[in-house]
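Taking it in order: structure first as structure tokens, then the write-up.
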Amino acid sequence: RERADKLRFIEHERSRIARDLHDDLGSTLTEISMMATVRPGMNIGADMAAGRLQEIAEKSRSMVFALDGVVWVVNSKNDTLSALIEYLASYTEEFLAKAQVGCRVELPKNYLERIISSEIRHDVMLAVREALNNSVRHGRPNEVLLRMIITGDGLEILVQDDGAGFDPIEVKGNGLGNLQQRMDKLNGSCQVESFSGGGTSITLKLALPK
């Protein structure tokens, strides 16, 4: 029975990795291929060519981020709370640096080490990525704060920016639904606070395995 459970887990991980590679890398590669292709008889000027190259560079960087995340998730050596915290901090700093947005990171100093499964790490990683992407893409902030707090048996992650903000009641998109779905999957919660001109705060909460 234990062997069967392990085989099911491995198959589940393989399927998830395949989905990640298809969703994160496959579609982006297709976009890059289309942007790099010039149809016969089509003349593009220097400005258009420069714009395409810039887009290709940005999408290539996003692929590097995505692949790095896949490799990190599947490595069993990272199945710890400290590895999760360190990865999220490192990813946030690098992502915001490339976006030319100021970054502040506040991490818990003392906490009990715990085992965090690859599935949990995967969903938390994607949730934080989505929150950061929304902040930079829609808020156009000068600075973003990532704060992680250990509260008893729970982890609280705050992504707060000083950007344009929005009215959560009126906005249907911005990936907010995806964030809530990811946290629901972990039996956690997602709280969004924002108003026009006042920045946005996204708080993700989940229970930690004992």
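Going through the structure tokens in order, the chains are called A, B, and so on, while each chain numbers its residues from 1 and the ligands are numbered from 1 in the order shown.
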- DSSP-assigned helix (DSSP H, G or I) among chain A, expressed as a ChimeraX atom specification: /A:2-36,46-74,76-78,81-98,118-139,176-185
Residues at most 10 Å from A:Asn78, counting only C-alpha atoms, excluding those fewer than 4 positions away in the same chain, as a PDB file with C-alpha atoms, in the first residue's frame?
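As written to disk, part-v7.pdb reads:
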```
ATOM      1  CA  TRP A  72      13.037  24.412  -7.163  1.00  0.00           C
ATOM      2  CA  VAL A  73       9.668  22.782  -6.488  1.00  0.00           C
ATOM      3  CA  VAL A  74      10.671  19.270  -7.573  1.00  0.00           C
ATOM      4  CA  SER A  82      13.135  27.848   5.664  1.00  0.00           C
ATOM      5  CA  ALA A  83      13.623  26.907   1.996  1.00  0.00           C
ATOM      6  CA  LEU A  84      10.195  28.314   1.163  1.00  0.00           C
ATOM      7  CA  GLU A  86      14.319  31.978   1.394  1.00  0.00           C
ATOM      8  CA  TYR A  87      13.033  31.238  -2.108  1.00  0.00           C
ATOM      9  CA  ILE A 115       8.417  19.989   6.496  1.00  0.00           C
ATOM     10  CA  ILE A 116       6.518  21.704   3.663  1.00  0.00           C
ATOM     11  CA  SER A 117       5.503  19.429   0.799  1.00  0.00           C
ATOM     12  CA  SER A 118       6.266  20.272  -2.816  1.00  0.00           C
ATOM     13  CA  ARG A 121       5.348  25.095  -1.886  1.00  0.00           C
TER      14      ARG A 121
END
```
- Task: Could you check how far atom CA of A:Gly177 sits from atom CA of A:Asp162, in Å to one decimal?
- Result: 21.6 Å
- Excluding same-chain residues fewer than 2 positions from A:Glu55, what lies within 12 Å of it counting only C-alpha atoms, as a list in words? Thr28, Glu31, Ile32, Ser33, Met34, Met35, Ala36, Met48, Ala49, Ala50, Gly51, Arg52, Leu53, Ala57, Glu58, Lys59, Ser60, Arg61 and Ser62 of chain A
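We find atom CA of A:Ala4 and atom CA of A:Ser76 to be spaced 19.3 Å apart.
By chain and then residue number, the residues within 7 Å of A:Ala127 are Asp123, Ala131, Leu179 and Arg182 of chain A, counting only C-alpha atoms and disregarding those fewer than 4 positions away in sequence.
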- Message: Based on the backbone DSSP call, show me all residues of chain A assigned strand (DSSP E or B), as a VMD selection string.
- Response: chain A and resid 80 102 to 106 115 143 to 151 154 to 161 189 to 194 200 to 207
Those residues you just picked out, can you put them in a file as a PDB file, in the first residue's frame with C-alpha atoms?
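Generated file (again_7.pdb):
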```
ATOM      1  CA  THR A  80      11.247  22.873   4.423  1.00  0.00           C
ATOM      2  CA  GLY A 102      12.022  49.284  -5.136  1.00  0.00           C
ATOM      3  CA  CYS A 103      11.887  46.304  -2.787  1.00  0.00           C
ATOM      4  CA  ARG A 104      11.665  45.786   0.966  1.00  0.00           C
ATOM      5  CA  VAL A 105      11.702  42.313   2.493  1.00  0.00           C
ATOM      6  CA  GLU A 106      10.898  41.518   6.120  1.00  0.00           C
ATOM      7  CA  ILE A 115       8.417  19.989   6.496  1.00  0.00           C
ATOM      8  CA  GLU A 143       8.148  50.172  -4.008  1.00  0.00           C
ATOM      9  CA  VAL A 144       6.784  46.784  -2.945  1.00  0.00           C
ATOM     10  CA  LEU A 145       7.011  45.248   0.521  1.00  0.00           C
ATOM     11  CA  LEU A 146       7.147  41.490   1.094  1.00  0.00           C
ATOM     12  CA  ARG A 147       6.592  40.594   4.733  1.00  0.00           C
ATOM     13  CA  MET A 148       6.399  37.045   6.077  1.00  0.00           C
ATOM     14  CA  ILE A 149       5.251  36.317   9.619  1.00  0.00           C
ATOM     15  CA  ILE A 150       4.998  33.015  11.483  1.00  0.00           C
ATOM     16  CA  THR A 151       1.961  33.130  13.760  1.00  0.00           C
ATOM     17  CA  GLY A 154       0.346  29.628  10.487  1.00  0.00           C
ATOM     18  CA  LEU A 155       2.251  31.527   7.815  1.00  0.00           C
ATOM     19  CA  GLU A 156       1.160  35.023   6.819  1.00  0.00           C
ATOM     20  CA  ILE A 157       2.538  36.611   3.645  1.00  0.00           C
ATOM     21  CA  LEU A 158       1.946  40.281   2.889  1.00  0.00           C
ATOM     22  CA  VAL A 159       2.591  41.820  -0.541  1.00  0.00           C
ATOM     23  CA  GLN A 160       2.029  45.565  -0.241  1.00  0.00           C
ATOM     24  CA  ASP A 161       2.685  48.267  -2.824  1.00  0.00           C
ATOM     25  CA  SER A 189      -7.262  32.711   2.796  1.00  0.00           C
ATOM     26  CA  CYS A 190      -6.545  35.721   0.608  1.00  0.00           C
ATOM     27  CA  GLN A 191      -7.440  39.235   1.744  1.00  0.00           C
ATOM     28  CA  VAL A 192      -7.162  42.215  -0.613  1.00  0.00           C
ATOM     29  CA  GLU A 193      -7.241  45.816   0.564  1.00  0.00           C
ATOM     30  CA  SER A 194      -6.984  48.652  -1.943  1.00  0.00           C
ATOM     31  CA  THR A 200      -2.738  47.628  -2.628  1.00  0.00           C
ATOM     32  CA  SER A 201      -2.167  45.085   0.144  1.00  0.00           C
ATOM     33  CA  ILE A 202      -2.591  41.355  -0.448  1.00  0.00           C
ATOM     34  CA  THR A 203      -2.409  39.094   2.593  1.00  0.00           C
ATOM     35  CA  LEU A 204      -2.088  35.338   2.122  1.00  0.00           C
ATOM     36  CA  LYS A 205      -2.628  33.076   5.127  1.00  0.00           C
ATOM     37  CA  LEU A 206      -2.253  29.318   5.480  1.00  0.00           C
ATOM     38  CA  ALA A 207      -1.839  26.759   8.227  1.00  0.00           C
TER      39      ALA A 207
END
```
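Straight-line separation from atom CA of A:Phe166 to atom CA of A:Gly197: 7.3 Å.
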